[in-house]
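Undergrad: PDB, C-alpha atoms, file start.pdb:
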ATOM      1  CA  LYS A   1      -3.633  64.144  69.848  1.00  0.00           C
ATOM      2  CA  CYS A   2      -6.649  63.279  67.721  1.00  0.00           C
ATOM      3  CA  GLN A   3      -5.649  65.477  64.799  1.00  0.00           C
ATOM      4  CA  TYR A   4      -2.021  64.376  64.435  1.00  0.00           C
ATOM      5  CA  GLY A   5      -1.647  61.310  66.637  1.00  0.00           C
ATOM      6  CA  SER A   6      -1.429  57.672  65.689  1.00  0.00           C
ATOM      7  CA  ALA A   7      -1.978  54.579  67.790  1.00  0.00           C
ATOM      8  CA  LYS A   8       0.744  52.754  65.844  1.00  0.00           C
ATOM      9  CA  SER A   9       4.113  54.497  65.915  1.00  0.00           C
ATOM     10  CA  PRO A  10       5.693  52.356  63.142  1.00  0.00           C
ATOM     11  CA  LEU A  11       3.001  53.643  60.768  1.00  0.00           C
ATOM     12  CA  ALA A  12       3.449  57.336  61.653  1.00  0.00           C
ATOM     13  CA  ASP A  13       5.361  59.579  59.257  1.00  0.00           C
ATOM     14  CA  PRO A  14       8.744  60.489  60.794  1.00  0.00           C
ATOM     15  CA  GLU A  15       9.212  63.276  58.242  1.00  0.00           C
ATOM     16  CA  GLU A  16       5.996  65.147  59.053  1.00  0.00           C
ATOM     17  CA  ASN A  17       6.448  67.669  61.839  1.00  0.00           C
ATOM     18  CA  ILE A  18       3.804  69.364  63.949  1.00  0.00           C
ATOM     19  CA  ASN A  19       4.012  72.484  66.061  1.00  0.00           C
ATOM     20  CA  ILE A  20       2.998  72.187  69.715  1.00  0.00           C
ATOM     21  CA  THR A  21       1.865  75.549  71.051  1.00  0.00           C
ATOM     22  CA  GLY A  22       3.378  76.407  74.422  1.00  0.00           C
ATOM     23  CA  THR A  23       1.092  76.983  77.390  1.00  0.00           C
ATOM     24  CA  ASN A  24       1.637  78.607  80.773  1.00  0.00           C
ATOM     25  CA  GLY A  25       4.714  80.471  79.602  1.00  0.00           C
ATOM     26  CA  ARG A  26       6.327  77.476  77.914  1.00  0.00           C
ATOM     27  CA  GLU A  27       7.854  77.858  74.482  1.00  0.00           C
ATOM     28  CA  SER A  28       6.305  76.246  71.430  1.00  0.00           C
ATOM     29  CA  LYS A  29       8.146  73.263  70.034  1.00  0.00           C
ATOM     30  CA  THR A  30       8.145  71.147  66.927  1.00  0.00           C
ATOM     31  CA  ILE A  31       7.975  67.361  67.057  1.00  0.00           C
ATOM     32  CA  SER A  32       7.521  64.643  64.461  1.00  0.00           C
ATOM     33  CA  ARG A  33       4.270  62.716  64.156  1.00  0.00           C
ATOM     34  CA  LYS A  34       6.296  59.579  64.838  1.00  0.00           C
ATOM     35  CA  TYR A  35       7.512  61.023  68.163  1.00  0.00           C
ATOM     36  CA  LEU A  36       3.927  61.871  69.128  1.00  0.00           C
ATOM     37  CA  ALA A  37       2.813  58.357  68.176  1.00  0.00           C
ATOM     38  CA  ALA A  38       5.619  56.896  70.307  1.00  0.00           C
ATOM     39  CA  ILE A  39       4.012  58.652  73.289  1.00  0.00           C
ATOM     40  CA  ILE A  40       0.420  57.760  72.395  1.00  0.00           C
ATOM     41  CA  GLU A  41       0.840  54.097  71.412  1.00  0.00           C
ATOM     42  CA  PRO A  42       1.953  52.759  74.829  1.00  0.00           C
ATOM     43  CA  ARG A  43      -0.921  54.563  76.572  1.00  0.00           C
ATOM     44  CA  MET A  44      -3.513  53.240  74.123  1.00  0.00           C
ATOM     45  CA  ASP A  45      -2.005  49.766  74.420  1.00  0.00           C
ATOM     46  CA  GLU A  46      -2.233  50.024  78.213  1.00  0.00           C
ATOM     47  CA  ILE A  47      -5.861  51.198  78.104  1.00  0.00           C
ATOM     48  CA  PHE A  48      -6.883  48.404  75.721  1.00  0.00           C
ATOM     49  CA  ARG A  49      -5.158  45.763  77.853  1.00  0.00           C
ATOM     50  CA  LEU A  50      -6.902  47.078  80.987  1.00  0.00           C
ATOM     51  CA  VAL A  51     -10.246  46.888  79.173  1.00  0.00           C
ATOM     52  CA  LYS A  52      -9.454  43.360  77.968  1.00  0.00           C
ATOM     53  CA  ASN A  53      -8.687  42.367  81.559  1.00  0.00           C
ATOM     54  CA  GLU A  54     -11.999  43.799  82.779  1.00  0.00           C
ATOM     55  CA  ILE A  55     -13.879  41.926  80.056  1.00  0.00           C
ATOM     56  CA  ARG A  56     -12.175  38.686  81.118  1.00  0.00           C
ATOM     57  CA  LYS A  57     -13.224  39.329  84.738  1.00  0.00           C
ATOM     58  CA  SER A  58     -16.857  39.887  83.733  1.00  0.00           C
ATOM     59  CA  ASP A  59     -19.474  37.187  84.091  1.00  0.00           C
ATOM     60  CA  TYR A  60     -20.081  36.816  80.357  1.00  0.00           C
ATOM     61  CA  PRO A  61     -19.772  33.054  79.733  1.00  0.00           C
ATOM     62  CA  GLY A  62     -19.310  32.970  75.945  1.00  0.00           C
ATOM     63  CA  ASP A  63     -16.780  33.980  73.372  1.00  0.00           C
ATOM     64  CA  TYR A  64     -16.689  37.548  72.142  1.00  0.00           C
ATOM     65  CA  THR A  65     -17.160  36.807  68.468  1.00  0.00           C
ATOM     66  CA  PHE A  66     -19.333  39.806  67.706  1.00  0.00           C
ATOM     67  CA  GLY A  67     -16.540  42.381  67.630  1.00  0.00           C
ATOM     68  CA  MET A  68     -16.117  45.596  69.515  1.00  0.00           C
ATOM     69  CA  VAL A  69     -17.015  49.244  69.021  1.00  0.00           C
ATOM     70  CA  LEU A  70     -14.667  52.047  70.049  1.00  0.00           C
ATOM     71  CA  THR A  71     -16.153  55.365  71.120  1.00  0.00           C
ATOM     72  CA  GLY A  72     -14.834  58.637  72.421  1.00  0.00           C
ATOM     73  CA  GLY A  73     -12.239  61.072  71.178  1.00  0.00           C
ATOM     74  CA  GLY A  74      -9.417  58.529  71.282  1.00  0.00           C
ATOM     75  CA  SER A  75     -11.277  56.389  68.759  1.00  0.00           C
ATOM     76  CA  GLN A  76     -10.449  59.037  66.164  1.00  0.00           C
ATOM     77  CA  LEU A  77      -6.726  58.340  66.367  1.00  0.00           C
ATOM     78  CA  GLU A  78      -5.169  57.122  63.164  1.00  0.00           C
ATOM     79  CA  HIS A  79      -4.590  53.332  63.215  1.00  0.00           C
ATOM     80  CA  VAL A  80      -6.499  52.874  66.498  1.00  0.00           C
ATOM     81  CA  THR A  81      -8.547  49.998  65.087  1.00  0.00           C
ATOM     82  CA  ASP A  82      -5.327  48.254  64.000  1.00  0.00           C
ATOM     83  CA  LEU A  83      -3.933  48.375  67.540  1.00  0.00           C
ATOM     84  CA  ALA A  84      -7.248  47.317  69.090  1.00  0.00           C
ATOM     85  CA  GLN A  85      -7.551  44.345  66.712  1.00  0.00           C
ATOM     86  CA  GLU A  86      -4.055  43.177  67.658  1.00  0.00           C
ATOM     87  CA  ILE A  87      -4.914  43.253  71.352  1.00  0.00           C
ATOM     88  CA  PHE A  88      -8.513  42.014  71.363  1.00  0.00           C
ATOM     89  CA  GLN A  89      -8.248  39.639  68.371  1.00  0.00           C
ATOM     90  CA  GLN A  90     -11.710  40.859  67.374  1.00  0.00           C
ATOM     91  CA  HIS A  91     -13.305  42.859  64.617  1.00  0.00           C
ATOM     92  CA  ILE A  92     -13.136  46.518  65.687  1.00  0.00           C
ATOM     93  CA  LYS A  93     -15.100  49.472  64.417  1.00  0.00           C
ATOM     94  CA  VAL A  94     -15.467  53.089  65.479  1.00  0.00           C
ATOM     95  CA  GLY A  95     -18.903  54.018  66.830  1.00  0.00           C
ATOM     96  CA  GLN A  96     -20.652  56.903  65.135  1.00  0.00           C
ATOM     97  CA  PRO A  97     -23.785  58.459  66.652  1.00  0.00           C
ATOM     98  CA  HIS A  98     -26.728  58.514  64.263  1.00  0.00           C
ATOM     99  CA  LEU A  99     -28.975  61.482  64.860  1.00  0.00           C
ATOM    100  CA  SER A 100     -31.206  63.712  62.851  1.00  0.00           C
ATOM    101  CA  GLY A 101     -32.353  67.225  63.518  1.00  0.00           C
ATOM    102  CA  GLY A 102     -30.579  70.496  64.186  1.00  0.00           C
ATOM    103  CA  VAL A 103     -28.146  69.148  66.745  1.00  0.00           C
ATOM    104  CA  SER A 104     -26.939  66.230  64.619  1.00  0.00           C
ATOM    105  CA  GLU A 105     -24.093  67.931  62.759  1.00  0.00           C
ATOM    106  CA  LYS A 106     -22.642  69.117  66.068  1.00  0.00           C
ATOM    107  CA  VAL A 107     -22.589  65.706  67.740  1.00  0.00           C
ATOM    108  CA  ASN A 108     -22.262  63.241  64.848  1.00  0.00           C
ATOM    109  CA  ASN A 109     -18.728  62.506  65.920  1.00  0.00           C
ATOM    110  CA  PRO A 110     -17.268  59.461  67.717  1.00  0.00           C
ATOM    111  CA  ARG A 111     -16.230  61.623  70.668  1.00  0.00           C
ATOM    112  CA  TYR A 112     -19.934  62.052  71.498  1.00  0.00           C
ATOM    113  CA  SER A 113     -21.007  58.425  70.877  1.00  0.00           C
ATOM    114  CA  THR A 114     -21.203  57.478  74.538  1.00  0.00           C
ATOM    115  CA  ALA A 115     -23.105  60.622  75.531  1.00  0.00           C
ATOM    116  CA  VAL A 116     -25.549  60.232  72.636  1.00  0.00           C
ATOM    117  CA  GLY A 117     -26.043  56.552  73.455  1.00  0.00           C
ATOM    118  CA  LEU A 118     -26.707  57.274  77.122  1.00  0.00           C
ATOM    119  CA  ILE A 119     -29.174  60.022  76.283  1.00  0.00           C
ATOM    120  CA  ASN A 120     -31.002  57.784  73.812  1.00  0.00           C
ATOM    121  CA  TYR A 121     -31.004  54.906  76.294  1.00  0.00           C
ATOM    122  CA  GLY A 122     -32.426  57.132  79.010  1.00  0.00           C
ATOM    123  CA  ARG A 123     -34.995  58.550  76.638  1.00  0.00           C
ATOM    124  CA  GLN A 124     -36.191  55.072  75.651  1.00  0.00           C
ATOM    125  CA  ASN A 125     -36.177  53.540  79.132  1.00  0.00           C
ATOM    126  CA  TRP A 126     -37.481  56.160  81.542  1.00  0.00           C
ATOM    127  CA  SER A 127     -41.073  55.736  82.569  1.00  0.00           C
ATOM    128  CA  GLU A 128     -43.571  58.413  81.613  1.00  0.00           C
ATOM    129  CA  LEU A 129     -43.643  59.574  85.221  1.00  0.00           C
ATOM    130  CA  GLU A 130     -39.940  60.351  85.095  1.00  0.00           C
ATOM    131  CA  TYR A 131     -39.697  61.678  81.555  1.00  0.00           C
ATOM    132  CA  ASP A 132     -41.677  64.141  79.490  1.00  0.00           C
ATOM    133  CA  ASN A 133     -42.078  62.516  76.045  1.00  0.00           C
ATOM    134  CA  SER A 134     -42.959  65.878  74.522  1.00  0.00           C
ATOM    135  CA  LEU A 135     -39.275  66.897  74.724  1.00  0.00           C
ATOM    136  CA  ASP A 136     -37.359  66.484  71.495  1.00  0.00           C
ATOM    137  CA  ILE A 137     -33.760  65.324  71.224  1.00  0.00           C
ATOM    138  CA  ASN A 138     -32.495  68.893  70.646  1.00  0.00           C
ATOM    139  CA  SER A 139     -33.854  70.179  73.942  1.00  0.00           C
ATOM    140  CA  ILE A 140     -32.558  67.108  75.772  1.00  0.00           C
ATOM    141  CA  PHE A 141     -29.066  67.689  74.349  1.00  0.00           C
ATOM    142  CA  LYS A 142     -29.095  71.384  75.150  1.00  0.00           C
ATOM    143  CA  ARG A 143     -30.213  70.776  78.714  1.00  0.00           C
ATOM    144  CA  SER A 144     -27.785  67.873  79.225  1.00  0.00           C
ATOM    145  CA  PHE A 145     -24.781  69.739  77.819  1.00  0.00           C
ATOM    146  CA  ASN A 146     -25.645  72.848  79.846  1.00  0.00           C
ATOM    147  CA  ARG A 147     -25.796  70.749  83.013  1.00  0.00           C
ATOM    148  CA  MET A 148     -22.513  69.001  82.179  1.00  0.00           C
ATOM    149  CA  GLY A 149     -20.891  72.363  81.446  1.00  0.00           C
ATOM    150  CA  SER A 150     -22.093  73.835  84.735  1.00  0.00           C
ATOM    151  CA  PHE A 151     -20.875  70.783  86.622  1.00  0.00           C
ATOM    152  CA  LEU A 152     -17.415  70.956  85.042  1.00  0.00           C
ATOM    153  CA  LYS A 153     -17.115  74.712  85.636  1.00  0.00           C
ATOM    154  CA  ASN A 154     -18.003  74.254  89.304  1.00  0.00           C
ATOM    155  CA  TRP A 155     -15.758  71.220  89.685  1.00  0.00           C
ATOM    156  CA  TYR A 156     -12.666  72.884  88.262  1.00  0.00           C
TER     157      TYR A 156
END
Transcribe the structure of this file into structure tokens.

TA:
Amino acid sequence: KCQYGSAKSPLADPEENINITGTNGRESKTISRKYLAAIIEPRMDEIFRLVKNEIRKSDYPGDYTFGMVLTGGGSQLEHVTDLAQEIFQQHIKVGQPHLSGGVSEKVNNPRYSTAVGLINYGRQNWSELEYDNSLDINSIFKRSFNRMGSFLKNWY
């Protein structure tokens, strides 16, 4: 989806084909990027409209003139900011985590923006009684990702 997909089907190349590997005994098949975009665009449109509805229901009294930031793997879709701007009528940008250190090249990707932001927020806002300031960001990431991995393995 993120590698070949587009959030705007009219802008996708109908001549470029991609191979979808079969899983669970299904045969592989070839589809056009335009066909894939025709599947993705309505879902992204639906998600953005649901978000817009939730923003309207919030208690924020003013206008949203500051723009919006997209995060997560879906934010890497081609033309996603174009679709979001049409729906929200706001400036849209893709959030990129800004880290330094050994872990940075592994997580400097929009799909990790929310996780990085939450970890940084927690790191900055926990009291000293709850958080050991001697821990560096690398050990926090390793521990957090290990815990998330264990949770997902046990859940599925």

Undergrad: Residues within 9 Å of region 27-43 of chain A, please, as an MDAnalysis selection string. Count all atoms listed in the file; anything in the same chain fewer than 6 positions from it doesn't count.

TA: chainID A and resid 1 4:21 80 83

Undergrad: Just the number, please: distance in Å from CA of Gly117 (chain A) to CA of Gln85 (chain A), one decimal.

TA: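 Straight-line distance from CA of Gly117 (chain A) to CA of Gln85 (chain A) works out to 23.2 Å.
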
Undergrad: Of the residues A:His79, A:Arg147, A:His98, A:Lys57, which is the one nearest to Met44 (chain A), using only C-alpha atoms?

TA: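 Using only C-alpha atoms, the shortest distance to Met44 (chain A) belongs to A:His79.
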
Undergrad: Could you check which residues have any atom within 10 Å of (-22.8, 60.8, 77.0), counting only C-alpha atoms with coordinates taken straight from the file, and then list them as a PyMOL selection string?

TA: chain A and resi 72+111-120+141+144-145+148

Undergrad: To one decimal in Å, tell me the separation between CA of Lys106 (chain A) and CA of Asn138 (chain A).

TA: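 So the two atoms, CA of Lys106 (chain A) and CA of Asn138 (chain A), lie 10.9 Å apart.
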
Undergrad: Give the centre and edge lengths of an axis-aligned box, in Å to one decimal, that holds all listed atoms of region 81-84 of chain A with 4 Å on each side, as AutoDock Vina command-line options.

TA:
--center_x -6.2 --center_y 48.7 --center_z 66.5 --size_x 12.6 --size_y 10.7 --size_z 13.1

Undergrad: Do you have the CA of Leu70 (chain A)-CA of Glu46 (chain A) distance handy?

TA: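 Those two atoms sit 15.0 Å apart.
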
Undergrad: Could you tell me which residues the PyMOL selection byres ((chain A and resi 65-69) around 12) returns for this structure, as an MDAnalysis selection string?

TA: chainID A and resid 48 51:52 55 62:64 70:72 75 80:81 84:85 87:97 110 113:114

Undergrad: Between A:Ser58, A:Asn125, A:Asn109, A:Ser139, which is the closest to Gly74 (chain A) once you count only C-alpha atoms?

TA: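 Among the listed residues, A:Asn109 lies closest to Gly74 (chain A).
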